[in-house]
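Enquirer: Pasting in a structure now, in structure tokens, and then I'll have a few things to ask.
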Amino acid sequence: MAKNRDLLAIGHSAHDYIIRVPEFPKANFSAPITNMKTFNGGAAANVACVGAKLGLKTSLVSAVGGDFKKTEYFEHMQNLGIDTDSLIIVPGEATPTAFVLTDDNDDQISYFYWGAAREFAESKVPTSAIKNTEAVHLATGDPDFNWKCSQEAKDEDLLVSFDPGQDLGMYDTKKLTDVIENTTILFGNHHEIQRILDALEVDLAGLRELGPKIIVKTCGAQGSEIYSNEDKIKIDAITTEAVDPTGAGDSYRAGFLSRFLNGESLEESAKFASTVSSFIIEHQGCQTNMPSFDEAFERMNGFY
């Protein structure tokens with residue numbers, strides 16, 4: 001059966017409060033806020049939106065508040081052509097909200113209100129959405145729901161990418177192993193990949209033996225590293241004026257998948273991913289400065 005979608009993103013859609021502070025305060029102290037704005041966010045929605053802007057036909061499964069379809073955010077998704085038919089609407093609840101604090105060292109602390117996303121735990125696997133796509137990306141969200149979706153996707157012989165992100169601590173060792181065993185591409189920043197290795201008591205080769213054929217580790221301004229059957233591939237980050245790092249990782253994943261699903265090499269996919277993320281960090285907000293494919297491709301060719 002022909003698939004109507006290239007990529008299904010599963011996980012959070014959220015309203016993001018992006019907050020700048022000079023430094024994080026100690027307990028029982030306060031710190032001044034130098035800047036605060038509200039943006040569209042949520043890891044799964046970021047991947048779906050950036051992917052759509054780059055030309056992928058994306059769909060999205062998120063648990064959102066009862067009034068979400070009346071918001072600018074929903075209209076934004078519609079304008080990008082994202083299939084939102086499988087959104088989980090929860091009347092009487094608020095759409096998840098993230099408070100992301102970044103200090104002058106570009107370190108981050110996040111607070112996340114799950115709200116409607118608590119409904120993931122009681123939700124059925126979106127079988128029809130999974131059957132209608134070429135690949136599934138599991139982002140931050142409920143670990144058990146992500147595992148059930150990963151199992152369904154694997155049964156359908158789909159490419160499964162997994163990025164537990166800052167929800168990594170919600171996975172016990174067994175659940176983390178269960179999802180990773182169903183994963184084709186594992187994404188994480190250098191902190192997260194190390195935490196996974198420590199939790200599962202394996203090295204990178206041992207991690208790949210568990211399931212993921214490809215491990216993509218992002219290292220901020222130091223670029224990214226890709227591990228597969230090939231030698232380690234090291235990709236430099238594009239030098240640009242970084243205004244806000246929030247959303248850089250999600251846009252990297254969207255950029256990588258947009259090329260890899262179109263048959264490009266790991267190196268080419270990673271270069272494109274790095275380029276896409278370079279646009280995102282130039283503005284505040286995860287979706288404020290999403291590039292088109294042509295814009296990203298031109299910048300990539302001018303740098304690499």
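Here's how to read the names in the structure tokens: chain A, B, ... by the order shown, residue numbers from 1 in each chain, ligand numbers from 1 in the order shown.
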Using only C-alpha atoms, which residues sit within 8 Å of stretch 134-142 of chain A once same-chain residues fewer than 4 positions away are excluded, as a list in words?
Expert: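 Contacts, in chain order: Lys3, Arg5, Asp6, Leu7, Leu8, Ala9, Ile10, Gly11, His12, Ala43, Ala44, Ala117, Arg118, Phe120, Ala121, Ile130, Asn146, Ser150, Ala153, Leu158, Leu159, Val160, Ser161, Phe162, Asp163, Pro164, Gly165, Gln166 and Asp167 of chain A.
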Enquirer: With N, CA and C atoms retained, write the just-selected residues as a PDB file, in the first residue's frame.
Expert:
ATOM      1  N   LYS A   3       2.264   4.840   0.815  1.00  0.00           N
ATOM      2  CA  LYS A   3       2.240   5.654   2.027  1.00  0.00           C
ATOM      3  C   LYS A   3       2.044   7.118   1.639  1.00  0.00           C
ATOM      4  N   ARG A   5       2.600   9.679   3.826  1.00  0.00           N
ATOM      5  CA  ARG A   5       3.458  10.530   4.648  1.00  0.00           C
ATOM      6  C   ARG A   5       4.881   9.998   4.653  1.00  0.00           C
ATOM      7  N   ASP A   6       5.838  10.927   4.721  1.00  0.00           N
ATOM      8  CA  ASP A   6       7.248  10.539   4.810  1.00  0.00           C
ATOM      9  C   ASP A   6       7.661  10.256   6.244  1.00  0.00           C
ATOM     10  N   LEU A   7       7.172  11.064   7.178  1.00  0.00           N
ATOM     11  CA  LEU A   7       7.645  10.991   8.559  1.00  0.00           C
ATOM     12  C   LEU A   7       6.520  11.306   9.528  1.00  0.00           C
ATOM     13  N   LEU A   8       6.358  10.432  10.514  1.00  0.00           N
ATOM     14  CA  LEU A   8       5.421  10.651  11.609  1.00  0.00           C
ATOM     15  C   LEU A   8       6.213  10.959  12.866  1.00  0.00           C
ATOM     16  N   ALA A   9       5.972  12.117  13.469  1.00  0.00           N
ATOM     17  CA  ALA A   9       6.629  12.490  14.726  1.00  0.00           C
ATOM     18  C   ALA A   9       5.664  12.238  15.878  1.00  0.00           C
ATOM     19  N   ILE A  10       6.142  11.557  16.904  1.00  0.00           N
ATOM     20  CA  ILE A  10       5.317  11.207  18.057  1.00  0.00           C
ATOM     21  C   ILE A  10       5.934  11.804  19.310  1.00  0.00           C
ATOM     22  N   GLY A  11       5.136  12.533  20.074  1.00  0.00           N
ATOM     23  CA  GLY A  11       5.630  13.144  21.299  1.00  0.00           C
ATOM     24  C   GLY A  11       4.987  14.503  21.521  1.00  0.00           C
ATOM     25  N   HIS A  12       5.701  15.372  22.211  1.00  0.00           N
ATOM     26  CA  HIS A  12       5.102  16.616  22.678  1.00  0.00           C
ATOM     27  C   HIS A  12       4.969  17.696  21.619  1.00  0.00           C
ATOM     28  N   ALA A  43       9.185  18.873  21.283  1.00  0.00           N
ATOM     29  CA  ALA A  43      10.180  18.211  20.432  1.00  0.00           C
ATOM     30  C   ALA A  43       9.580  17.555  19.197  1.00  0.00           C
ATOM     31  N   ALA A  44       8.468  16.841  19.365  1.00  0.00           N
ATOM     32  CA  ALA A  44       7.870  16.169  18.203  1.00  0.00           C
ATOM     33  C   ALA A  44       7.342  17.188  17.200  1.00  0.00           C
ATOM     34  N   ALA A 117      -0.656  16.015  28.002  1.00  0.00           N
ATOM     35  CA  ALA A 117       0.227  14.900  27.626  1.00  0.00           C
ATOM     36  C   ALA A 117       0.154  13.733  28.598  1.00  0.00           C
ATOM     37  N   ARG A 118      -0.448  13.930  29.773  1.00  0.00           N
ATOM     38  CA  ARG A 118      -0.665  12.796  30.666  1.00  0.00           C
ATOM     39  C   ARG A 118      -1.578  11.751  30.019  1.00  0.00           C
ATOM     40  N   PHE A 120      -1.272  10.469  27.201  1.00  0.00           N
ATOM     41  CA  PHE A 120      -0.506   9.465  26.460  1.00  0.00           C
ATOM     42  C   PHE A 120      -0.590   8.094  27.133  1.00  0.00           C
ATOM     43  N   ALA A 121      -0.535   8.089  28.448  1.00  0.00           N
ATOM     44  CA  ALA A 121      -0.482   6.823  29.190  1.00  0.00           C
ATOM     45  C   ALA A 121      -1.710   5.960  28.947  1.00  0.00           C
ATOM     46  N   ILE A 130       0.727   5.216  11.768  1.00  0.00           N
ATOM     47  CA  ILE A 130       1.981   4.482  11.595  1.00  0.00           C
ATOM     48  C   ILE A 130       1.988   3.724  10.270  1.00  0.00           C
ATOM     49  N   ASN A 146       5.705   5.519  23.828  1.00  0.00           N
ATOM     50  CA  ASN A 146       6.756   5.475  22.809  1.00  0.00           C
ATOM     51  C   ASN A 146       7.170   4.038  22.513  1.00  0.00           C
ATOM     52  N   SER A 150       6.914   2.197  19.001  1.00  0.00           N
ATOM     53  CA  SER A 150       8.126   1.651  18.368  1.00  0.00           C
ATOM     54  C   SER A 150       7.915   0.201  17.962  1.00  0.00           C
ATOM     55  N   ALA A 153       5.747   0.183  14.837  1.00  0.00           N
ATOM     56  CA  ALA A 153       6.516   0.625  13.677  1.00  0.00           C
ATOM     57  C   ALA A 153       7.497  -0.450  13.219  1.00  0.00           C
ATOM     58  N   LEU A 158       9.314  -0.314   9.489  1.00  0.00           N
ATOM     59  CA  LEU A 158       9.597   1.084   9.226  1.00  0.00           C
ATOM     60  C   LEU A 158      10.926   1.489   9.845  1.00  0.00           C
ATOM     61  N   LEU A 159      11.518   2.546   9.321  1.00  0.00           N
ATOM     62  CA  LEU A 159      12.648   3.169   9.983  1.00  0.00           C
ATOM     63  C   LEU A 159      12.125   3.850  11.243  1.00  0.00           C
ATOM     64  N   VAL A 160      12.774   3.593  12.368  1.00  0.00           N
ATOM     65  CA  VAL A 160      12.394   4.207  13.641  1.00  0.00           C
ATOM     66  C   VAL A 160      13.576   5.007  14.168  1.00  0.00           C
ATOM     67  N   SER A 161      13.376   6.305  14.369  1.00  0.00           N
ATOM     68  CA  SER A 161      14.392   7.107  15.044  1.00  0.00           C
ATOM     69  C   SER A 161      13.881   7.470  16.432  1.00  0.00           C
ATOM     70  N   PHE A 162      14.811   7.586  17.373  1.00  0.00           N
ATOM     71  CA  PHE A 162      14.453   7.751  18.780  1.00  0.00           C
ATOM     72  C   PHE A 162      15.336   8.817  19.395  1.00  0.00           C
ATOM     73  N   ASP A 163      14.703   9.785  20.050  1.00  0.00           N
ATOM     74  CA  ASP A 163      15.421  10.852  20.738  1.00  0.00           C
ATOM     75  C   ASP A 163      14.726  11.110  22.074  1.00  0.00           C
ATOM     76  N   PRO A 164      15.153  10.426  23.144  1.00  0.00           N
ATOM     77  CA  PRO A 164      14.480  10.628  24.433  1.00  0.00           C
ATOM     78  C   PRO A 164      14.706  12.009  25.013  1.00  0.00           C
ATOM     79  N   GLY A 165      15.771  12.685  24.588  1.00  0.00           N
ATOM     80  CA  GLY A 165      16.016  14.053  25.017  1.00  0.00           C
ATOM     81  C   GLY A 165      16.058  14.188  26.524  1.00  0.00           C
ATOM     82  N   GLN A 166      15.481  15.289  27.001  1.00  0.00           N
ATOM     83  CA  GLN A 166      15.510  15.570  28.428  1.00  0.00           C
ATOM     84  C   GLN A 166      14.531  14.710  29.226  1.00  0.00           C
ATOM     85  N   ASP A 167      13.751  13.884  28.546  1.00  0.00           N
ATOM     86  CA  ASP A 167      12.891  12.916  29.242  1.00  0.00           C
ATOM     87  C   ASP A 167      13.618  11.601  29.503  1.00  0.00           C
TER      88      ASP A 167
END
Enquirer: Going by DSSP on the backbone, which bits of stretch 59-187 of chain A are alpha helix (DSSP H)? Write them as a PyMOL selection string, please.
Expert: chain A and resi 72-79+127-131+143-155+173-181
Enquirer: If you run DSSP on this backbone, which residues of stretch 112-252 of chain A come out as strand (DSSP E), and could you give them as a PyMOL selection string?
Expert: chain A and resi 112-113+133-138+159-162+185-189+214-218+224-227+233-235
Enquirer: Skipping near chain neighbours, those fewer than 6 positions away, what residues fall within 12 Å of A:Thr173 using only C-alpha atoms, listed as a ChimeraX atom specification?
Expert: /A:143,179-180,195-201
Enquirer: Using only C-alpha atoms, find each residue of stretch 227-285 of chain A with at least one atom at most 12 Å away from an atom of stretch 56-62 of chain A; report its shortest atom-to-atom pair and that distance in Å (one decimal), sort the rows by chain and rising residue number, and return the result as JSON lines.
Expert:
{"residue": "A:Ala254", "atom": "CA", "partner": "A:Leu56", "partner_atom": "CA", "distance": 9.1}
{"residue": "A:Gly255", "atom": "CA", "partner": "A:Leu56", "partner_atom": "CA", "distance": 9.8}
{"residue": "A:Phe256", "atom": "CA", "partner": "A:Leu56", "partner_atom": "CA", "distance": 11.5}
{"residue": "A:Leu257", "atom": "CA", "partner": "A:Leu56", "partner_atom": "CA", "distance": 9.1}
{"residue": "A:Ser258", "atom": "CA", "partner": "A:Leu56", "partner_atom": "CA", "distance": 6.3}
{"residue": "A:Arg259", "atom": "CA", "partner": "A:Leu56", "partner_atom": "CA", "distance": 9.4}
{"residue": "A:Phe260", "atom": "CA", "partner": "A:Leu56", "partner_atom": "CA", "distance": 11.3}
{"residue": "A:Leu261", "atom": "CA", "partner": "A:Leu56", "partner_atom": "CA", "distance": 9.2}
{"residue": "A:Asn262", "atom": "CA", "partner": "A:Leu56", "partner_atom": "CA", "distance": 9.5}
